[in-house]
$ cat final_22.pdb   # PDB, C-alpha atoms
ATOM      1  CA  MET A 133      41.474  13.182  55.824  1.00  0.00           C
ATOM      2  CA  ALA A 134      42.204  13.921  52.219  1.00  0.00           C
ATOM      3  CA  THR A 135      45.558  15.386  51.573  1.00  0.00           C
ATOM      4  CA  PRO A 136      46.167  17.884  48.825  1.00  0.00           C
ATOM      5  CA  VAL A 137      48.092  15.246  46.881  1.00  0.00           C
ATOM      6  CA  THR A 138      45.175  12.779  47.088  1.00  0.00           C
ATOM      7  CA  SER A 139      42.775  15.487  46.016  1.00  0.00           C
ATOM      8  CA  LEU A 140      45.081  16.362  43.129  1.00  0.00           C
ATOM      9  CA  PHE A 141      45.241  12.691  42.035  1.00  0.00           C
ATOM     10  CA  ARG A 142      41.461  12.385  42.154  1.00  0.00           C
ATOM     11  CA  SER A 143      41.054  15.516  40.046  1.00  0.00           C
ATOM     12  CA  CYS A 144      43.672  14.273  37.606  1.00  0.00           C
ATOM     13  CA  HIS A 145      41.973  10.835  37.412  1.00  0.00           C
ATOM     14  CA  ARG A 146      38.561  12.462  36.834  1.00  0.00           C
ATOM     15  CA  LEU A 147      39.946  14.683  34.077  1.00  0.00           C
ATOM     16  CA  ARG A 148      41.739  11.757  32.416  1.00  0.00           C
ATOM     17  CA  LYS A 149      38.494   9.747  32.488  1.00  0.00           C
ATOM     18  CA  LEU A 150      36.614  12.650  30.896  1.00  0.00           C
ATOM     19  CA  LEU A 151      39.372  12.994  28.293  1.00  0.00           C
ATOM     20  CA  ARG A 152      39.146   9.270  27.488  1.00  0.00           C
ATOM     21  CA  ASP A 153      35.330   9.489  27.132  1.00  0.00           C
ATOM     22  CA  LEU A 154      35.615  12.520  24.874  1.00  0.00           C
ATOM     23  CA  GLN A 155      38.256  10.801  22.739  1.00  0.00           C
ATOM     24  CA  SER A 156      35.991   7.755  22.309  1.00  0.00           C
ATOM     25  CA  GLU A 157      33.170  10.084  21.193  1.00  0.00           C
ATOM     26  CA  ILE A 158      35.525  11.768  18.720  1.00  0.00           C
ATOM     27  CA  ASP A 159      36.641   8.365  17.381  1.00  0.00           C
ATOM     28  CA  LEU A 160      33.006   7.321  16.949  1.00  0.00           C
ATOM     29  CA  GLY A 161      32.300  10.222  14.533  1.00  0.00           C
ATOM     30  CA  PRO A 162      34.077   8.887  11.415  1.00  0.00           C
ATOM     31  CA  ARG A 163      32.532   5.433  11.856  1.00  0.00           C
ATOM     32  CA  VAL A 164      29.041   6.894  12.108  1.00  0.00           C
ATOM     33  CA  LEU A 165      29.750   9.103   9.098  1.00  0.00           C
ATOM     34  CA  LYS A 166      30.895   6.108   7.058  1.00  0.00           C
ATOM     35  CA  LEU A 167      27.777   4.125   8.024  1.00  0.00           C
ATOM     36  CA  LYS A 168      25.515   7.026   7.086  1.00  0.00           C
ATOM     37  CA  GLN A 169      27.293   7.476   3.748  1.00  0.00           C
ATOM     38  CA  THR A 170      26.918   3.761   3.009  1.00  0.00           C
ATOM     39  CA  TRP A 171      23.223   3.944   3.879  1.00  0.00           C
ATOM     40  CA  LEU A 172      22.812   7.033   1.680  1.00  0.00           C
ATOM     41  CA  THR A 173      24.534   5.310  -1.245  1.00  0.00           C
ATOM     42  CA  GLN A 174      22.242   2.302  -0.888  1.00  0.00           C
ATOM     43  CA  GLU A 175      19.159   4.505  -0.734  1.00  0.00           C
ATOM     44  CA  GLU A 176      20.264   6.442  -3.819  1.00  0.00           C
ATOM     45  CA  ALA A 177      20.810   3.165  -5.690  1.00  0.00           C
ATOM     46  CA  ALA A 178      17.361   1.920  -4.653  1.00  0.00           C
ATOM     47  CA  HIS A 179      15.794   5.208  -5.763  1.00  0.00           C
ATOM     48  CA  LYS A 180      17.561   5.043  -9.142  1.00  0.00           C
ATOM     49  CA  GLU A 181      16.452   1.432  -9.627  1.00  0.00           C
ATOM     50  CA  ALA A 182      12.843   2.333  -8.822  1.00  0.00           C
ATOM     51  CA  HIS A 183      13.014   5.283 -11.224  1.00  0.00           C
ATOM     52  CA  ASP A 184      14.453   3.060 -13.971  1.00  0.00           C
ATOM     53  CA  ALA A 185      11.761   0.450 -13.349  1.00  0.00           C
ATOM     54  CA  ILE A 186       9.075   3.104 -13.822  1.00  0.00           C
ATOM     55  CA  LYS A 187      10.761   4.211 -17.051  1.00  0.00           C
ATOM     56  CA  ARG A 188      10.786   0.624 -18.326  1.00  0.00           C
ATOM     57  CA  LEU A 189       7.105   0.257 -17.443  1.00  0.00           C
ATOM     58  CA  LYS A 190       6.251   3.451 -19.308  1.00  0.00           C
ATOM     59  CA  LEU A 191       8.170   2.246 -22.379  1.00  0.00           C
ATOM     60  CA  ARG A 192       6.370  -1.093 -22.263  1.00  0.00           C
ATOM     61  CA  LEU A 193       3.079   0.784 -21.925  1.00  0.00           C
ATOM     62  CA  LYS A 194       3.834   2.856 -25.039  1.00  0.00           C
ATOM     63  CA  ASP A 195       4.790  -0.290 -26.962  1.00  0.00           C
ATOM     64  CA  ASP A 196       1.572  -1.997 -25.903  1.00  0.00           C
ATOM     65  CA  GLU A 197      -0.453   1.062 -26.917  1.00  0.00           C
ATOM     66  CA  GLY A 198       1.213   1.031 -30.338  1.00  0.00           C
ATOM     67  CA  THR A 199       0.509  -2.672 -30.724  1.00  0.00           C
ATOM     68  CA  LEU A 200      -3.096  -2.072 -29.663  1.00  0.00           C
ATOM     69  CA  LYS A 201      -3.497   0.637 -32.275  1.00  0.00           C
ATOM     70  CA  GLN A 202      -2.116  -1.686 -34.955  1.00  0.00           C
ATOM     71  CA  ALA A 203      -4.430  -4.478 -33.835  1.00  0.00           C
ATOM     72  CA  GLU A 204      -7.437  -2.146 -34.009  1.00  0.00           C
ATOM     73  CA  GLN A 205      -6.443  -1.081 -37.509  1.00  0.00           C
ATOM     74  CA  GLN A 206      -6.064  -4.738 -38.478  1.00  0.00           C
ATOM     75  CA  LEU A 207      -9.519  -5.449 -37.032  1.00  0.00           C
ATOM     76  CA  ASP A 208     -11.043  -2.633 -39.098  1.00  0.00           C
ATOM     77  CA  LYS A 209      -9.326  -4.023 -42.185  1.00  0.00           C
ATOM     78  CA  TYR A 210     -10.683  -7.521 -41.533  1.00  0.00           C
ATOM     79  CA  GLU A 211     -14.197  -6.179 -40.957  1.00  0.00           C
ATOM     80  CA  ARG A 212     -14.066  -4.271 -44.260  1.00  0.00           C
ATOM     81  CA  GLN A 213     -12.764  -7.376 -46.034  1.00  0.00           C
ATOM     82  CA  LEU A 214     -15.580  -9.436 -44.545  1.00  0.00           C
ATOM     83  CA  PHE A 215     -18.069  -7.593 -46.750  1.00  0.00           C
ATOM     84  CA  GLU A 216     -15.946  -8.167 -49.855  1.00  0.00           C
ATOM     85  CA  VAL A 217     -15.605 -11.954 -49.638  1.00  0.00           C
ATOM     86  CA  THR A 218     -18.039 -14.176 -51.448  1.00  0.00           C
ATOM     87  CA  THR A 219     -17.616 -17.781 -50.331  1.00  0.00           C
ATOM     88  CA  MET A 220     -18.626 -19.206 -46.966  1.00  0.00           C
ATOM     89  CA  LYS A 221     -15.108 -20.554 -46.418  1.00  0.00           C
ATOM     90  CA  GLU A 222     -13.626 -17.070 -46.812  1.00  0.00           C
ATOM     91  CA  ILE A 223     -16.318 -15.603 -44.538  1.00  0.00           C
ATOM     92  CA  GLU A 224     -15.517 -18.132 -41.802  1.00  0.00           C
ATOM     93  CA  ALA A 225     -11.782 -17.456 -42.192  1.00  0.00           C
ATOM     94  CA  LYS A 226     -12.354 -13.707 -41.793  1.00  0.00           C
ATOM     95  CA  ARG A 227     -14.613 -14.248 -38.786  1.00  0.00           C
ATOM     96  CA  THR A 228     -11.893 -16.382 -37.193  1.00  0.00           C
ATOM     97  CA  GLU A 229      -9.316 -13.675 -37.888  1.00  0.00           C
ATOM     98  CA  ILE A 230     -11.661 -11.059 -36.413  1.00  0.00           C
ATOM     99  CA  ALA A 231     -12.241 -13.157 -33.275  1.00  0.00           C
ATOM    100  CA  THR A 232      -8.516 -13.746 -32.858  1.00  0.00           C
ATOM    101  CA  THR A 233      -7.792 -10.050 -33.255  1.00  0.00           C
ATOM    102  CA  LYS A 234     -10.509  -9.122 -30.741  1.00  0.00           C
ATOM    103  CA  THR A 235      -8.975 -11.558 -28.241  1.00  0.00           C
ATOM    104  CA  LYS A 236      -5.576  -9.998 -28.848  1.00  0.00           C
ATOM    105  CA  ILE A 237      -7.042  -6.517 -28.344  1.00  0.00           C
ATOM    106  CA  GLY A 238      -8.653  -7.591 -25.065  1.00  0.00           C
ATOM    107  CA  THR A 239      -5.369  -9.030 -23.830  1.00  0.00           C
ATOM    108  CA  LEU A 240      -3.511  -5.863 -24.793  1.00  0.00           C
ATOM    109  CA  GLU A 241      -6.087  -3.657 -23.080  1.00  0.00           C
ATOM    110  CA  ASP A 242      -5.739  -5.708 -19.892  1.00  0.00           C
ATOM    111  CA  ALA A 243      -1.951  -5.451 -20.076  1.00  0.00           C
ATOM    112  CA  ILE A 244      -2.169  -1.683 -20.603  1.00  0.00           C
ATOM    113  CA  LEU A 245      -4.511  -1.224 -17.624  1.00  0.00           C
ATOM    114  CA  THR A 246      -2.257  -3.377 -15.451  1.00  0.00           C
ATOM    115  CA  ALA A 247       0.803  -1.399 -16.500  1.00  0.00           C
ATOM    116  CA  MET A 248      -0.973   1.914 -15.835  1.00  0.00           C
ATOM    117  CA  SER A 249      -2.022   0.861 -12.347  1.00  0.00           C
ATOM    118  CA  GLU A 250       1.478  -0.433 -11.602  1.00  0.00           C
ATOM    119  CA  ILE A 251       3.025   2.843 -12.775  1.00  0.00           C
ATOM    120  CA  GLU A 252       0.640   4.835 -10.583  1.00  0.00           C
ATOM    121  CA  GLU A 253       1.348   2.552  -7.637  1.00  0.00           C
ATOM    122  CA  ARG A 254       5.121   2.797  -8.005  1.00  0.00           C
ATOM    123  CA  THR A 255       5.029   6.533  -8.600  1.00  0.00           C
TER
END

$ encode --input "final_22.pdb" --output "structure tokens"
Amino acid sequence: MATPVTSLFRSCHRLRKLLRDLQSEIDLGPRVLKLKQTWLTQEEAAHKEAHDAIKRLKLRLKDDEGTLKQAEQQLDKYERQLFEVTTMKEIEAKRTEIATTKTKIGTLEDAILTAMSEIEERT
């Protein structure tokens, strides 16, 4: 038969166990908070890096577009000069310059399309 003292000890033991469990939950809070803050900081850094990468891609795209425009202007200039030359050697030299410029334009157009698709993908 349980005596009042035994019953009192059991109640005290149960309450102390609950107190210990609650204290461990309270102690867990700051550790979880620190982990979540670390995770948030890492995610913010990753987001900033992705945003900066998109900015760099857009700048490279603008540079390539400017270079493309210059190459197209150079091509027009060469094509106009082709009609002004008189010797076959000069004509062949201009045709070579035109072919080289067209190749450069094609490469730039491919680079621009690649950069545009990469920007869209990352965005």

$ resolve_selection --input "final_22.pdb" --expression "the PyMOL selection byres ((chain A and resi 198-215) around 7)" --output "ChimeraX atom specification"
/A:194-197,216-217,223,226,230,233,237,240

$ resolve_selection --input "final_22.pdb" --expression "the PyMOL selection byres ((chain A and resi 245) around 12)" --output "list in words"
Leu189, Lys190, Arg192, Leu193, Lys194, Asp196, Glu197, Gly238, Thr239, Leu240, Glu241, Asp242, Ala243, Ile244, Thr246, Ala247, Met248, Ser249, Glu250, Ile251 and Glu252 of chain A

$ atom_distance --input "final_22.pdb" --atom1 "CA of Arg152 in chain A" --atom2 "CA of Val164 in chain A"
18.6 Å

$ axis_aligned_box --input "final_22.pdb" --around "range 164-171 of chain A" --padding-each-side "5 Å" --output "AutoDock Vina command-line options"
--center_x 27.1 --center_y 6.4 --center_z 7.6 --size_x 17.7 --size_y 15.3 --size_z 19.1

$ atom_distance --input "final_22.pdb" --atom1 "CA of Arg148 in chain A" --atom2 "CA of Leu167 in chain A"
29.1 Å

$ atom_distance --input "final_22.pdb" --atom1 "CA of Leu151 in chain A" --atom2 "CA of Thr170 in chain A"
29.7 Å

$ decode --input "final_22.pdb" --residues "range 203-218 of chain A" --atoms "N, CA, C and O atoms" --output "mmCIF file, in the first residue's frame"
data_model
loop_
_atom_site.group_PDB
_atom_site.id
_atom_site.type_symbol
_atom_site.label_atom_id
_atom_site.label_comp_id
_atom_site.auth_asym_id
_atom_site.auth_seq_id
_atom_site.Cartn_x
_atom_site.Cartn_y
_atom_site.Cartn_z
ATOM 1 N N ALA A 203 31.364 45.379 -85.408
ATOM 2 C CA ALA A 203 31.745 44.439 -86.459
ATOM 3 C C ALA A 203 30.838 44.603 -87.683
ATOM 4 O O ALA A 203 31.308 44.533 -88.830
ATOM 5 N N GLU A 204 29.559 44.832 -87.457
ATOM 6 C CA GLU A 204 28.643 45.051 -88.584
ATOM 7 C C GLU A 204 28.977 46.342 -89.318
ATOM 8 O O GLU A 204 28.915 46.399 -90.553
ATOM 9 N N GLN A 205 29.340 47.368 -88.591
ATOM 10 C CA GLN A 205 29.754 48.618 -89.227
ATOM 11 C C GLN A 205 31.037 48.407 -90.026
ATOM 12 O O GLN A 205 31.179 48.931 -91.139
ATOM 13 N N GLN A 206 31.956 47.628 -89.471
ATOM 14 C CA GLN A 206 33.208 47.337 -90.168
ATOM 15 C C GLN A 206 32.911 46.542 -91.443
ATOM 16 O O GLN A 206 33.521 46.796 -92.487
ATOM 17 N N LEU A 207 31.970 45.603 -91.364
ATOM 18 C CA LEU A 207 31.598 44.819 -92.534
ATOM 19 C C LEU A 207 31.019 45.720 -93.631
ATOM 20 O O LEU A 207 31.376 45.589 -94.809
ATOM 21 N N ASP A 208 30.145 46.638 -93.249
ATOM 22 C CA ASP A 208 29.593 47.581 -94.226
ATOM 23 C C ASP A 208 30.706 48.402 -94.874
ATOM 24 O O ASP A 208 30.700 48.634 -96.090
ATOM 25 N N LYS A 209 31.656 48.817 -94.067
ATOM 26 C CA LYS A 209 32.776 49.618 -94.584
ATOM 27 C C LYS A 209 33.585 48.796 -95.593
ATOM 28 O O LYS A 209 33.932 49.288 -96.674
ATOM 29 N N TYR A 210 33.871 47.551 -95.256
ATOM 30 C CA TYR A 210 34.632 46.692 -96.165
ATOM 31 C C TYR A 210 33.862 46.450 -97.467
ATOM 32 O O TYR A 210 34.460 46.443 -98.543
ATOM 33 N N GLU A 211 32.548 46.254 -97.361
ATOM 34 C CA GLU A 211 31.759 46.012 -98.564
ATOM 35 C C GLU A 211 31.715 47.256 -99.455
ATOM 36 O O GLU A 211 31.726 47.148 -100.681
ATOM 37 N N ARG A 212 31.669 48.440 -98.848
ATOM 38 C CA ARG A 212 31.737 49.667 -99.659
ATOM 39 C C ARG A 212 33.106 49.806 -100.309
ATOM 40 O O ARG A 212 33.222 50.217 -101.464
ATOM 41 N N GLN A 213 34.166 49.479 -99.552
ATOM 42 C CA GLN A 213 35.518 49.589 -100.094
ATOM 43 C C GLN A 213 35.763 48.571 -101.199
ATOM 44 O O GLN A 213 36.607 48.794 -102.069
ATOM 45 N N LEU A 214 35.048 47.472 -101.166
ATOM 46 C CA LEU A 214 35.233 46.439 -102.190
ATOM 47 C C LEU A 214 34.929 46.988 -103.585
ATOM 48 O O LEU A 214 35.584 46.622 -104.551
ATOM 49 N N PHE A 215 33.964 47.889 -103.668
ATOM 50 C CA PHE A 215 33.618 48.460 -104.975
ATOM 51 C C PHE A 215 34.591 49.539 -105.415
ATOM 52 O O PHE A 215 34.590 49.938 -106.582
ATOM 53 N N GLU A 216 35.428 50.018 -104.491
ATOM 54 C CA GLU A 216 36.351 51.103 -104.823
ATOM 55 C C GLU A 216 37.734 50.601 -105.234
ATOM 56 O O GLU A 216 38.506 51.360 -105.818
ATOM 57 N N VAL A 217 38.045 49.341 -104.917
ATOM 58 C CA VAL A 217 39.382 48.834 -105.243
ATOM 59 C C VAL A 217 39.446 48.449 -106.715
ATOM 60 O O VAL A 217 38.425 48.153 -107.347
ATOM 61 N N THR A 218 40.666 48.441 -107.231
ATOM 62 C CA THR A 218 40.811 48.207 -108.664
ATOM 63 C C THR A 218 41.582 46.941 -108.995
ATOM 64 O O THR A 218 41.291 46.289 -110.000
#
